[in-house]
Structure formats: C-alpha cells, structure tokens
Amino acid sequence: WDLAAAGLKVAVISRPRSRGKPCAGGVTEKALARYRFSIAPVVREAVTSLAVSHSSSPVRHLSSATPFCVMTERAELDAFCREQAEQQGAVFHETAGLRLIEQGSSWVRVKTREGDSFSASWLIAADGANSAVARMLGERHLPGAMAIEGCVPREKVSDYPPMTLDFGVIRGGYGWLFPKGDHVNVGLYVWRHGVAAPERAALQRYCRARLGAEAEHVAGYPLGTWLPKARLVNGRVLFAGDAAGCTEVLLGEGIYGAVLSGQLAAQAVLGERPEVSYPRALAGWREELQHVSRLGQLFYGLLPVST
Ligand SMILES: Cc1cc2nc3c(=O)[nH]c(=O)nc-3n(C[C@H](O)[C@H](O)[C@H](O)COP(=O)(O)OP(=O)(O)OC[C@H]3O[C@@H](n4cnc5c(N)ncnc54)[C@H](O)[C@@H]3O)c2cc1C
C-alpha cells in the first residue's frame with residue numbers, strides 16, 4: 001500500500017486467495033492504529049472484555065471502556081487489504097510457488113513455477129514463518145512459536161464466550177476462544193517449538209471441554225518470533241513480518257509486527273540505502289521483542305500446567 005501510494009510500480013506475488021493462512025484474526029488496538037485505512041468493513045466484533053483463567057485461580061474478567069482488540073476473519077482481512085493496495089495501484093500476481101531468485105548489485109529477479117518473471121530494484125519478502133525466499137537464498141530456518149486453530153459454528157457452542165485466554169491448558173502456552181459472531185475461533189499456542197505439541201487431538205480436547213463441540217477447519221502453523229540473529233537483509237531482499245521474526249512471543253501477536261515491519265521496509269525502499277536504513281528502523285521493535293522473549297521464558301517457565 002505504502003509503495004504504491006508513493007507512486008512506485010509494485011508487483012505483489014502471492015499464493016492464490018483461499019481460506020487464508022491459519023490465524024485467529026485478533027487485531028489489537030496498536031495494530032489497528034498502524035493501518036493506513038479503516039478495516040471496519042471486516043471487523044466482526046469489537047472486544048471490550050477479556051476473560052483470563054488458570055485452573056489454580058478464579059477466572060478474571062478484565063474490561064475496558066473502549067475496544068482494545070477487534071476480531072476479524074483472516075481471509076476477509078487479507079482480501080480487504082488486497083483491495084486497498086490494488087486501489088493504490090499495486091498489481092497482484094498469483095502463483096503456486098517460486099522457482100528461482102537471482103540478484104545483482106542493483107536488481108533482483110523472481111521466477112514463479114508458472115514461468116512468470118519479475119525484475120525489481122528491491123524485493124520485500126513477507127512470505128511468513130516458512131519463508132520460501134529465505135530458503136531459496138540459503139538462509140537458516142528460524143524455529144519459533146507454534147499454534148493450531150479451528151472454528152465452532154455458533155449454533156453448536158454451548159455457551160458463547162467472551163474473548164478468553166486459558167493459561168496452563170498446554171505446557172508453555174495457552175488456549176484461546178475468540179468470538180466472531182457466527183462462530184468461535186478456538187486455538188492452542190505454544191511459545192517455543194518443541195516445548196509441547198499443539199496437536200489436533202489436544203485442540204479437540206480443549207474445544208470439547210470449553211465449548212461442548214468439536215472444532216472444524218483445523219490447521220496449525222509456526223509463528224516467526226524473535227531470534228537474536230534474525231535475517232533482515234540479503235542483497236536486494238528485505239525480510240518483513242514473520243519471515244523476519246517480528247512476532248512477539250508472549251501471546252504470539254504477529255499482525256502488529258508484520259504491518260510495522262512492512263511499513264518500515266517500504267519507507268526504507270523509498271529512501272537512501274534501504275539495506276542500512278531498514279535494520280536501523282526496525283531495531284527499536286526488535287529490542288522490545290527481545291525483552292518480551294525474556295518475559296515469555298520466565299512466565300511460561302513458572303506457569304504450572306493444569307491438565
Ligand atoms: C494459529 C495462529 C493464530 C494466530 N492468531 C493471531 C492473532 O489472533 N493475532 C495476531 O496478531 N497474530 C496472530 N498470529 C500470528 C500471525 O498470523 C502472523 O504473525 C502474521 O500473519 C504474519 O504476517 P506475515 O505477513 O509476515 O506472514 P503470513 O501472514 O504468513 O503471510 C505470508 C504470505 O506469503 C504467502 N506465501 C508464502 N509462501 C509463498 C510462496 N512460496 N509463494 C508465494 N506466496 C507465498 C502466503 O500465502 C501468505 O499470503 C497467529 C498465528 C497462528 C499460526
């Protein structure tokens with residue numbers, strides 16, 4: 001959006017539109033404030049109350065006079081953001097995947113499996129925690145957090161819940177219930193790969209216990225959380241979002257870091273020497289992520305598991 005609005009010729013190469021990547025679609029107030037446009041048309045619920053539980057203590061209800069988070073459906077949010085970028089002049093190209101990346105001192109070229117070829121002065125790789133661009137450039141895989149999610153139609157839910165975080169239902173993480181109007185999104189999060197397995201069976205157990213029904217459309221995915229040596233730049237490629245480890249580790253909020261780093265990458269491309277200015281611009285957020293990472297380690301290390 002930013003690059004197209006500034007008048008650059010922008011090609012967005014992405015997978016075909018589908019249900020959307022696994023994501024609970026919770027957009028916090030701070031993430032909301034970063035968007036260049038209102039996402040109101042795709043907001044399903046505005047959240048003013050949060051239930052937090054752990055078996056060792058009573059459920060706490062936290063509330064706020066104004067919404068601190070809004071619930072969206074990820075496929076709807078992505079389609080809406082795409083429309084906004086297209087209105088600024090960005091052109092979307094769908095591909096089943098990438099075949100080749102080549103770069104020189106002032107250019108980068110991407111070839112897709114369909115045989116299409118794109119040349120540009122810069123490539124922003126915002127292709128998620130399993131970044132194919134990073135793999136193709138020989139960058140190391142970054143093992144981060146893991147989460148699994150599914151949906152329960154509202155008519156099957158025994159008791160329609162508020163936004164809920166249940167700590168201790170899985171080692172090193174939490175379970176969530178996100179109300180979305182016609183369904184509830186349910187999921188399990190683990191702060192570090194390997195601490196526990198947020199698997200389908202564990203999700204269904206949690207879902208039956210909390211909502212009295214089984215989850216549908218279950219899917220899991222890694223999250224690109226902070227690591228000391230995250231890849232940010234490789235030649236004419238700037239990494240952003242989960243591909244650059246921009247997700248915070250305590251709750252796994254990644255949309256904020258994705259939007260922020262995308263905007264900073266765009267700003268860098270519009271200025272002088274993006275390879276220097278981008279890591280500099282992202283340093284403040286990376287420092288925050290590092291602090292949250294220490295907090296996560298401490299928090300989940302001390303948290304008793306209740307099952
Ligand atoms: C189960 C789950 C629930 C979550 N819930 C929340 C939440 O409620 N709130 C929140 O803030 N964060 C949440 N997160 C984290 C959040 O989803 C991510 O941090 C965020 O989406 C990262 O954005 P991104 O643009 O960097 O990458 P992604 O959202 O992963 O987007 C990557 C894009 O690249 C495309 N792509 C990938 N490979 C290729 C390829 N080879 N060729 C072409 N295109 C490709 C993909 O199709 C996709 O469109 C959740 C994560 C998970 C796994």
# chains A, B, ... in the order shown; residues from 1 in each chain; ligands from 1
>>> residues_near_ligand(ligand="ligand 1", cutoff="6 Å", atoms="only C-alpha atoms and all ligand atoms", output="ChimeraX atom specification")
/A:13-15,22-27,95,97-98,126-128,131-132,147-149,220-223,241-243,247,252-256,258
>>> residues_around(residues="Ala213 (chain A)", least_positions_apart="3", cutoff="8 Å", atoms="only C-alpha atoms", output="list in words")
Val152, Lys156, Val157, Ser158, Cys207 and Arg208 of chain A
>>> write_last_selection(atoms="all heavy atoms", output="PDB file, in the first residue's frame")
ATOM      1  N   VAL A 152     -15.781 -23.231  15.629  1.00  0.00           N
ATOM      2  CA  VAL A 152     -17.009 -23.923  16.020  1.00  0.00           C
ATOM      3  C   VAL A 152     -18.179 -23.001  15.670  1.00  0.00           C
ATOM      4  O   VAL A 152     -18.224 -21.861  16.153  1.00  0.00           O
ATOM      5  CB  VAL A 152     -17.033 -24.236  17.541  1.00  0.00           C
ATOM      6  CG1 VAL A 152     -18.297 -25.006  17.902  1.00  0.00           C
ATOM      7  CG2 VAL A 152     -15.802 -25.015  17.956  1.00  0.00           C
ATOM      8  N   LYS A 156     -23.519 -24.486  17.519  1.00  0.00           N
ATOM      9  CA  LYS A 156     -23.045 -25.702  18.200  1.00  0.00           C
ATOM     10  C   LYS A 156     -22.404 -25.393  19.545  1.00  0.00           C
ATOM     11  O   LYS A 156     -22.041 -26.288  20.296  1.00  0.00           O
ATOM     12  CB  LYS A 156     -22.003 -26.410  17.320  1.00  0.00           C
ATOM     13  CG  LYS A 156     -22.590 -27.010  16.066  1.00  0.00           C
ATOM     14  CD  LYS A 156     -21.573 -27.918  15.425  1.00  0.00           C
ATOM     15  CE  LYS A 156     -22.144 -28.523  14.161  1.00  0.00           C
ATOM     16  NZ  LYS A 156     -21.119 -29.163  13.335  1.00  0.00           N
ATOM     17  N   VAL A 157     -22.200 -24.093  19.830  1.00  0.00           N
ATOM     18  CA  VAL A 157     -21.495 -23.699  21.057  1.00  0.00           C
ATOM     19  C   VAL A 157     -22.464 -23.704  22.231  1.00  0.00           C
ATOM     20  O   VAL A 157     -23.535 -23.084  22.150  1.00  0.00           O
ATOM     21  CB  VAL A 157     -20.891 -22.285  20.877  1.00  0.00           C
ATOM     22  CG1 VAL A 157     -20.317 -21.762  22.177  1.00  0.00           C
ATOM     23  CG2 VAL A 157     -19.835 -22.299  19.794  1.00  0.00           C
ATOM     24  N   SER A 158     -22.084 -24.394  23.310  1.00  0.00           N
ATOM     25  CA  SER A 158     -22.995 -24.481  24.461  1.00  0.00           C
ATOM     26  C   SER A 158     -23.177 -23.114  25.118  1.00  0.00           C
ATOM     27  O   SER A 158     -24.271 -22.763  25.542  1.00  0.00           O
ATOM     28  CB  SER A 158     -22.471 -25.518  25.453  1.00  0.00           C
ATOM     29  OG  SER A 158     -21.098 -25.297  25.696  1.00  0.00           O
ATOM     30  N   CYS A 207     -11.371 -27.920  23.089  1.00  0.00           N
ATOM     31  CA  CYS A 207     -12.583 -27.384  22.475  1.00  0.00           C
ATOM     32  C   CYS A 207     -13.833 -28.046  23.076  1.00  0.00           C
ATOM     33  O   CYS A 207     -14.803 -27.363  23.415  1.00  0.00           O
ATOM     34  CB  CYS A 207     -12.486 -27.649  20.972  1.00  0.00           C
ATOM     35  SG  CYS A 207     -13.676 -26.739  20.028  1.00  0.00           S
ATOM     36  N   ARG A 208     -13.795 -29.364  23.237  1.00  0.00           N
ATOM     37  CA  ARG A 208     -14.941 -30.068  23.839  1.00  0.00           C
ATOM     38  C   ARG A 208     -15.168 -29.594  25.259  1.00  0.00           C
ATOM     39  O   ARG A 208     -16.290 -29.356  25.693  1.00  0.00           O
ATOM     40  CB  ARG A 208     -14.713 -31.587  23.807  1.00  0.00           C
ATOM     41  CG  ARG A 208     -15.012 -32.219  22.452  1.00  0.00           C
ATOM     42  CD  ARG A 208     -15.088 -33.736  22.558  1.00  0.00           C
ATOM     43  NE  ARG A 208     -13.833 -34.317  23.039  1.00  0.00           N
ATOM     44  CZ  ARG A 208     -12.826 -34.700  22.248  1.00  0.00           C
ATOM     45  NH1 ARG A 208     -12.910 -34.558  20.941  1.00  0.00           N
ATOM     46  NH2 ARG A 208     -11.732 -35.228  22.758  1.00  0.00           N
TER      47      ARG A 208
END
>>> residues_around(residues="region 165-177 of chain A", least_positions_apart="5", cutoff="8 Å", atoms="only C-alpha atoms", output="PDB file with N, CA, C and O atoms, in the first residue's frame")
ATOM      1  N   LEU A  50     -12.177  -9.199  28.481  1.00  0.00           N
ATOM      2  CA  LEU A  50     -11.308 -10.366  28.304  1.00  0.00           C
ATOM      3  C   LEU A  50     -11.397 -11.248  29.542  1.00  0.00           C
ATOM      4  O   LEU A  50     -11.266 -10.747  30.673  1.00  0.00           O
ATOM      5  N   ALA A  51     -11.642 -12.540  29.347  1.00  0.00           N
ATOM      6  CA  ALA A  51     -11.626 -13.489  30.466  1.00  0.00           C
ATOM      7  C   ALA A  51     -10.279 -14.189  30.465  1.00  0.00           C
ATOM      8  O   ALA A  51      -9.845 -14.712  29.431  1.00  0.00           O
ATOM      9  N   VAL A  52      -9.594 -14.177  31.609  1.00  0.00           N
ATOM     10  CA  VAL A  52      -8.294 -14.840  31.716  1.00  0.00           C
ATOM     11  C   VAL A  52      -8.399 -15.888  32.806  1.00  0.00           C
ATOM     12  O   VAL A  52      -8.871 -15.584  33.909  1.00  0.00           O
ATOM     13  N   SER A  53      -7.976 -17.105  32.490  1.00  0.00           N
ATOM     14  CA  SER A  53      -8.132 -18.142  33.511  1.00  0.00           C
ATOM     15  C   SER A  53      -6.878 -18.998  33.656  1.00  0.00           C
ATOM     16  O   SER A  53      -6.047 -19.087  32.751  1.00  0.00           O
ATOM     17  N   HIS A  54      -6.779 -19.591  34.831  1.00  0.00           N
ATOM     18  CA  HIS A  54      -5.841 -20.671  35.093  1.00  0.00           C
ATOM     19  C   HIS A  54      -6.499 -21.519  36.165  1.00  0.00           C
ATOM     20  O   HIS A  54      -7.159 -20.973  37.058  1.00  0.00           O
ATOM     21  N   SER A  55      -6.325 -22.828  36.071  1.00  0.00           N
ATOM     22  CA  SER A  55      -7.071 -23.702  36.990  1.00  0.00           C
ATOM     23  C   SER A  55      -6.765 -23.402  38.454  1.00  0.00           C
ATOM     24  O   SER A  55      -7.565 -23.669  39.339  1.00  0.00           O
ATOM     25  N   VAL A 184     -17.045 -19.371  16.846  1.00  0.00           N
ATOM     26  CA  VAL A 184     -15.984 -19.064  17.806  1.00  0.00           C
ATOM     27  C   VAL A 184     -14.698 -19.673  17.266  1.00  0.00           C
ATOM     28  O   VAL A 184     -14.678 -20.841  16.872  1.00  0.00           O
ATOM     29  N   ASN A 185     -13.639 -18.876  17.235  1.00  0.00           N
ATOM     30  CA  ASN A 185     -12.335 -19.407  16.841  1.00  0.00           C
ATOM     31  C   ASN A 185     -11.674 -19.938  18.108  1.00  0.00           C
ATOM     32  O   ASN A 185     -11.670 -19.278  19.147  1.00  0.00           O
ATOM     33  N   VAL A 186     -11.146 -21.158  18.011  1.00  0.00           N
ATOM     34  CA  VAL A 186     -10.548 -21.792  19.194  1.00  0.00           C
ATOM     35  C   VAL A 186      -9.135 -22.233  18.827  1.00  0.00           C
ATOM     36  O   VAL A 186      -8.892 -22.667  17.701  1.00  0.00           O
ATOM     37  N   GLY A 187      -8.204 -22.097  19.762  1.00  0.00           N
ATOM     38  CA  GLY A 187      -6.841 -22.464  19.400  1.00  0.00           C
ATOM     39  C   GLY A 187      -5.941 -22.740  20.590  1.00  0.00           C
ATOM     40  O   GLY A 187      -6.304 -22.484  21.747  1.00  0.00           O
ATOM     41  N   LEU A 188      -4.777 -23.281  20.286  1.00  0.00           N
ATOM     42  CA  LEU A 188      -3.732 -23.527  21.293  1.00  0.00           C
ATOM     43  C   LEU A 188      -2.436 -22.903  20.790  1.00  0.00           C
ATOM     44  O   LEU A 188      -2.087 -23.066  19.607  1.00  0.00           O
ATOM     45  N   TYR A 189      -1.720 -22.238  21.710  1.00  0.00           N
ATOM     46  CA  TYR A 189      -0.462 -21.564  21.362  1.00  0.00           C
ATOM     47  C   TYR A 189       0.655 -22.092  22.256  1.00  0.00           C
ATOM     48  O   TYR A 189       0.443 -22.307  23.452  1.00  0.00           O
ATOM     49  N   VAL A 190       1.821 -22.294  21.680  1.00  0.00           N
ATOM     50  CA  VAL A 190       3.000 -22.709  22.450  1.00  0.00           C
ATOM     51  C   VAL A 190       4.143 -21.757  22.110  1.00  0.00           C
ATOM     52  O   VAL A 190       4.442 -21.536  20.930  1.00  0.00           O
ATOM     53  N   TRP A 191       4.770 -21.198  23.128  1.00  0.00           N
ATOM     54  CA  TRP A 191       5.700 -20.086  22.879  1.00  0.00           C
ATOM     55  C   TRP A 191       6.983 -20.485  22.167  1.00  0.00           C
ATOM     56  O   TRP A 191       7.609 -19.667  21.501  1.00  0.00           O
ATOM     57  N   ARG A 192       7.384 -21.765  22.286  1.00  0.00           N
ATOM     58  CA  ARG A 192       8.615 -22.174  21.607  1.00  0.00           C
ATOM     59  C   ARG A 192       8.432 -23.569  21.039  1.00  0.00           C
ATOM     60  O   ARG A 192       7.921 -24.456  21.742  1.00  0.00           O
ATOM     61  N   VAL A 195       8.436 -27.236  22.985  1.00  0.00           N
ATOM     62  CA  VAL A 195       8.081 -27.225  24.414  1.00  0.00           C
ATOM     63  C   VAL A 195       6.888 -28.153  24.657  1.00  0.00           C
ATOM     64  O   VAL A 195       6.815 -28.883  25.639  1.00  0.00           O
ATOM     65  N   ALA A 196       5.923 -28.114  23.743  1.00  0.00           N
ATOM     66  CA  ALA A 196       4.774 -29.023  23.746  1.00  0.00           C
ATOM     67  C   ALA A 196       4.257 -29.048  22.317  1.00  0.00           C
ATOM     68  O   ALA A 196       4.626 -28.191  21.505  1.00  0.00           O
ATOM     69  N   PRO A 198       1.164 -28.483  20.024  1.00  0.00           N
ATOM     70  CA  PRO A 198      -0.231 -28.072  19.892  1.00  0.00           C
ATOM     71  C   PRO A 198      -0.885 -28.866  18.750  1.00  0.00           C
ATOM     72  O   PRO A 198      -0.977 -28.393  17.624  1.00  0.00           O
ATOM     73  N   TYR A 206      -9.524 -29.619  24.265  1.00  0.00           N
ATOM     74  CA  TYR A 206      -9.742 -28.286  24.835  1.00  0.00           C
ATOM     75  C   TYR A 206     -11.091 -27.727  24.359  1.00  0.00           C
ATOM     76  O   TYR A 206     -11.876 -27.169  25.142  1.00  0.00           O
ATOM     77  N   TYR A 300       6.369 -18.564  31.124  1.00  0.00           N
ATOM     78  CA  TYR A 300       5.958 -19.935  30.836  1.00  0.00           C
ATOM     79  C   TYR A 300       6.792 -20.939  31.634  1.00  0.00           C
ATOM     80  O   TYR A 300       6.334 -22.036  31.917  1.00  0.00           O
ATOM     81  N   GLY A 301       7.992 -20.542  32.001  1.00  0.00           N
ATOM     82  CA  GLY A 301       8.823 -21.420  32.834  1.00  0.00           C
ATOM     83  C   GLY A 301       8.228 -21.606  34.219  1.00  0.00           C
ATOM     84  O   GLY A 301       8.366 -22.657  34.835  1.00  0.00           O
ATOM     85  N   LEU A 303       4.862 -21.065  34.962  1.00  0.00           N
ATOM     86  CA  LEU A 303       3.426 -21.325  34.931  1.00  0.00           C
ATOM     87  C   LEU A 303       3.126 -22.820  35.094  1.00  0.00           C
ATOM     88  O   LEU A 303       3.583 -23.622  34.284  1.00  0.00           O
ATOM     89  N   PRO A 304       2.376 -23.206  36.120  1.00  0.00           N
ATOM     90  CA  PRO A 304       2.046 -24.630  36.243  1.00  0.00           C
ATOM     91  C   PRO A 304       1.059 -25.073  35.152  1.00  0.00           C
ATOM     92  O   PRO A 304       0.256 -24.269  34.682  1.00  0.00           O
ATOM     93  N   VAL A 305       1.161 -26.349  34.733  1.00  0.00           N
ATOM     94  CA  VAL A 305       0.241 -26.883  33.729  1.00  0.00           C
ATOM     95  C   VAL A 305      -0.898 -27.560  34.463  1.00  0.00           C
ATOM     96  O   VAL A 305      -0.674 -28.306  35.413  1.00  0.00           O
ATOM     97  N   SER A 306      -2.132 -27.291  34.015  1.00  0.00           N
ATOM     98  CA  SER A 306      -3.270 -27.777  34.797  1.00  0.00           C
ATOM     99  C   SER A 306      -3.886 -29.049  34.293  1.00  0.00           C
ATOM    100  O   SER A 306      -4.847 -29.524  34.860  1.00  0.00           O
ATOM    101  N   THR A 307      -3.399 -29.630  33.181  1.00  0.00           N
ATOM    102  CA  THR A 307      -4.017 -30.884  32.723  1.00  0.00           C
ATOM    103  C   THR A 307      -3.039 -32.041  32.910  1.00  0.00           C
ATOM    104  O   THR A 307      -1.857 -31.846  32.974  1.00  0.00           O
TER     105      THR A 307
END
>>> select_by_dssp(residues="region 12-151 of chain A", states="helix (DSSP H, G or I)", output="NGL selection string")
:A and (29-32 or 40-42 or 74-88 or 132-136)
>>> write_last_selection(atoms="N, CA and C atoms", output="JSON list (two decimals), in the first residue's frame")
[["chain", "number", "residue", "atom", "x", "y", "z"],
["A", 29, "GLU", "N", -5.48, -3.02, 19.39],
["A", 29, "GLU", "CA", -5.64, -1.58, 19.20],
["A", 29, "GLU", "C", -4.39, -0.97, 18.55],
["A", 30, "LYS", "N", -3.21, -1.44, 19.02],
["A", 30, "LYS", "CA", -1.98, -0.83, 18.49],
["A", 30, "LYS", "C", -1.75, -1.22, 17.03],
["A", 31, "ALA", "N", -2.18, -2.44, 16.66],
["A", 31, "ALA", "CA", -2.06, -2.86, 15.26],
["A", 31, "ALA", "C", -3.05, -2.06, 14.41],
["A", 32, "LEU", "N", -4.26, -1.92, 14.94],
["A", 32, "LEU", "CA", -5.32, -1.18, 14.25],
["A", 32, "LEU", "C", -4.86, 0.24, 13.90],
["A", 40, "ALA", "N", -12.76, -1.35, 9.36],
["A", 40, "ALA", "CA", -14.11, -1.52, 9.93],
["A", 40, "ALA", "C", -14.99, -2.48, 9.10],
["A", 41, "PRO", "N", -14.93, -2.44, 7.75],
["A", 41, "PRO", "CA", -15.82, -3.34, 6.99],
["A", 41, "PRO", "C", -15.59, -4.83, 7.28],
["A", 42, "VAL", "N", -14.43, -5.21, 7.82],
["A", 42, "VAL", "CA", -14.20, -6.64, 8.08],
["A", 42, "VAL", "C", -14.11, -6.95, 9.58],
["A", 74, "ARG", "N", -9.41, -13.95, 9.07],
["A", 74, "ARG", "CA", -8.17, -13.64, 8.38],
["A", 74, "ARG", "C", -8.33, -13.56, 6.85],
["A", 75, "ALA", "N", -9.12, -14.49, 6.27],
["A", 75, "ALA", "CA", -9.29, -14.46, 4.81],
["A", 75, "ALA", "C", -9.98, -13.15, 4.39],
["A", 76, "GLU", "N", -10.94, -12.71, 5.19],
["A", 76, "GLU", "CA", -11.66, -11.46, 4.88],
["A", 76, "GLU", "C", -10.72, -10.25, 5.04],
["A", 77, "LEU", "N", -9.91, -10.27, 6.10],
["A", 77, "LEU", "CA", -8.97, -9.16, 6.34],
["A", 77, "LEU", "C", -7.96, -9.07, 5.19],
["A", 78, "ASP", "N", -7.41, -10.23, 4.79],
["A", 78, "ASP", "CA", -6.42, -10.24, 3.71],
["A", 78, "ASP", "C", -7.02, -9.75, 2.39],
["A", 79, "ALA", "N", -8.25, -10.21, 2.10],
["A", 79, "ALA", "CA", -8.90, -9.80, 0.84],
["A", 79, "ALA", "C", -9.16, -8.29, 0.86],
["A", 80, "PHE", "N", -9.55, -7.78, 2.02],
["A", 80, "PHE", "CA", -9.84, -6.35, 2.14],
["A", 80, "PHE", "C", -8.56, -5.53, 1.96],
["A", 81, "CYS", "N", -7.47, -5.97, 2.60],
["A", 81, "CYS", "CA", -6.18, -5.24, 2.49],
["A", 81, "CYS", "C", -5.69, -5.28, 1.04],
["A", 82, "ARG", "N", -5.90, -6.42, 0.40],
["A", 82, "ARG", "CA", -5.51, -6.54, -1.01],
["A", 82, "ARG", "C", -6.25, -5.51, -1.87],
["A", 83, "GLU", "N", -7.56, -5.40, -1.64],
["A", 83, "GLU", "CA", -8.36, -4.41, -2.40],
["A", 83, "GLU", "C", -7.81, -3.00, -2.20],
["A", 84, "GLN", "N", -7.45, -2.69, -0.94],
["A", 84, "GLN", "CA", -6.94, -1.35, -0.64],
["A", 84, "GLN", "C", -5.63, -1.09, -1.39],
["A", 85, "ALA", "N", -4.75, -2.12, -1.42],
["A", 85, "ALA", "CA", -3.47, -1.96, -2.13],
["A", 85, "ALA", "C", -3.70, -1.84, -3.63],
["A", 86, "GLU", "N", -4.66, -2.63, -4.14],
["A", 86, "GLU", "CA", -4.97, -2.55, -5.59],
["A", 86, "GLU", "C", -5.49, -1.16, -5.96],
["A", 87, "GLN", "N", -6.28, -0.57, -5.06],
["A", 87, "GLN", "CA", -6.80, 0.78, -5.34],
["A", 87, "GLN", "C", -5.66, 1.81, -5.42],
["A", 88, "GLN", "N", -4.55, 1.52, -4.74],
["A", 88, "GLN", "CA", -3.39, 2.43, -4.82],
["A", 88, "GLN", "C", -2.54, 2.16, -6.05],
["A", 132, "ALA", "N", 9.79, -19.08, 1.87],
["A", 132, "ALA", "CA", 10.43, -19.78, 0.74],
["A", 132, "ALA", "C", 11.59, -18.95, 0.20],
["A", 133, "VAL", "N", 11.45, -17.62, 0.26],
["A", 133, "VAL", "CA", 12.53, -16.74, -0.23],
["A", 133, "VAL", "C", 13.78, -16.98, 0.61],
["A", 134, "ALA", "N", 13.60, -17.05, 1.93],
["A", 134, "ALA", "CA", 14.75, -17.28, 2.81],
["A", 134, "ALA", "C", 15.42, -18.62, 2.48],
["A", 135, "ARG", "N", 14.58, -19.63, 2.30],
["A", 135, "ARG", "CA", 15.11, -20.97, 1.98],
["A", 135, "ARG", "C", 15.90, -20.93, 0.68],
["A", 136, "MET", "N", 15.35, -20.26, -0.32],
["A", 136, "MET", "CA", 16.00, -20.23, -1.64],
["A", 136, "MET", "C", 17.30, -19.43, -1.61]]
>>> closest_residue(among="A:Ala202, A:Leu282, A:Gly150, A:Arg109", to="Ala219 (chain A)", atoms="only C-alpha atoms")
A:Gly150
>>> atom_distance(atom1="CA of Arg17 (chain A)", atom2="CA of Glu73 (chain A)")
13.5 Å
>>> select_by_dssp(residues="region 204-275 of chain A", states="strand (DSSP E or B)", output="number ranges by chain")
A: 216-223, 225, 233-234, 237-239, 247
>>> closest_residue(among="A:Ser106, A:Asn234, A:Val10, A:Leu264", to="Phe118 (chain A)", atoms="only C-alpha atoms")
A:Val10
>>> atom_distance(atom1="CA of Lys111 (chain A)", atom2="CA of Arg99 (chain A)")
5.5 Å
>>> atom_distance(atom1="CA of Gln297 (chain A)", atom2="CA of Leu250 (chain A)")
8.4 Å
>>> closest_residue(among="A:Val91, A:Ala11, A:Ala33, A:Val47", to="Phe178 (chain A)", atoms="only C-alpha atoms")
A:Val47
>>> residues_around(residues="Arg205 (chain A)", least_positions_apart="5", cutoff="9 Å", atoms="only C-alpha atoms", output="list of chain:residue names")
A:Arg200, A:Arg210, A:Glu214
>>> write_last_selection(atoms="all heavy atoms", output="PDB file, in the first residue's frame")
ATOM      1  N   ARG A 200      -3.820 -31.609  16.885  1.00  0.00           N
ATOM      2  CA  ARG A 200      -5.264 -31.668  16.630  1.00  0.00           C
ATOM      3  C   ARG A 200      -6.019 -32.294  17.821  1.00  0.00           C
ATOM      4  O   ARG A 200      -7.023 -31.747  18.273  1.00  0.00           O
ATOM      5  CB  ARG A 200      -5.463 -32.525  15.378  1.00  0.00           C
ATOM      6  CG  ARG A 200      -6.856 -32.624  14.864  1.00  0.00           C
ATOM      7  CD  ARG A 200      -6.825 -33.414  13.566  1.00  0.00           C
ATOM      8  NE  ARG A 200      -6.312 -32.601  12.491  1.00  0.00           N
ATOM      9  CZ  ARG A 200      -7.089 -31.936  11.628  1.00  0.00           C
ATOM     10  NH1 ARG A 200      -8.388 -32.027  11.716  1.00  0.00           N
ATOM     11  NH2 ARG A 200      -6.567 -31.193  10.676  1.00  0.00           N
ATOM     12  N   ARG A 210     -14.342 -26.727  26.648  1.00  0.00           N
ATOM     13  CA  ARG A 210     -14.736 -25.304  26.804  1.00  0.00           C
ATOM     14  C   ARG A 210     -16.005 -24.941  26.060  1.00  0.00           C
ATOM     15  O   ARG A 210     -16.738 -24.055  26.467  1.00  0.00           O
ATOM     16  CB  ARG A 210     -13.594 -24.395  26.340  1.00  0.00           C
ATOM     17  CG  ARG A 210     -12.369 -24.457  27.183  1.00  0.00           C
ATOM     18  CD  ARG A 210     -12.658 -24.045  28.643  1.00  0.00           C
ATOM     19  NE  ARG A 210     -12.361 -22.648  28.877  1.00  0.00           N
ATOM     20  CZ  ARG A 210     -13.266 -21.725  29.130  1.00  0.00           C
ATOM     21  NH1 ARG A 210     -14.533 -22.027  29.168  1.00  0.00           N
ATOM     22  NH2 ARG A 210     -12.910 -20.477  29.347  1.00  0.00           N
ATOM     23  N   GLU A 214     -16.843 -30.069  18.717  1.00  0.00           N
ATOM     24  CA  GLU A 214     -15.554 -30.263  18.029  1.00  0.00           C
ATOM     25  C   GLU A 214     -15.279 -29.071  17.101  1.00  0.00           C
ATOM     26  O   GLU A 214     -16.213 -28.490  16.536  1.00  0.00           O
ATOM     27  CB  GLU A 214     -15.617 -31.516  17.147  1.00  0.00           C
ATOM     28  CG  GLU A 214     -15.823 -32.809  17.910  1.00  0.00           C
ATOM     29  CD  GLU A 214     -14.534 -33.602  18.062  1.00  0.00           C
ATOM     30  OE1 GLU A 214     -13.768 -33.649  17.089  1.00  0.00           O
ATOM     31  OE2 GLU A 214     -14.303 -34.146  19.158  1.00  0.00           O
TER      32      GLU A 214
END
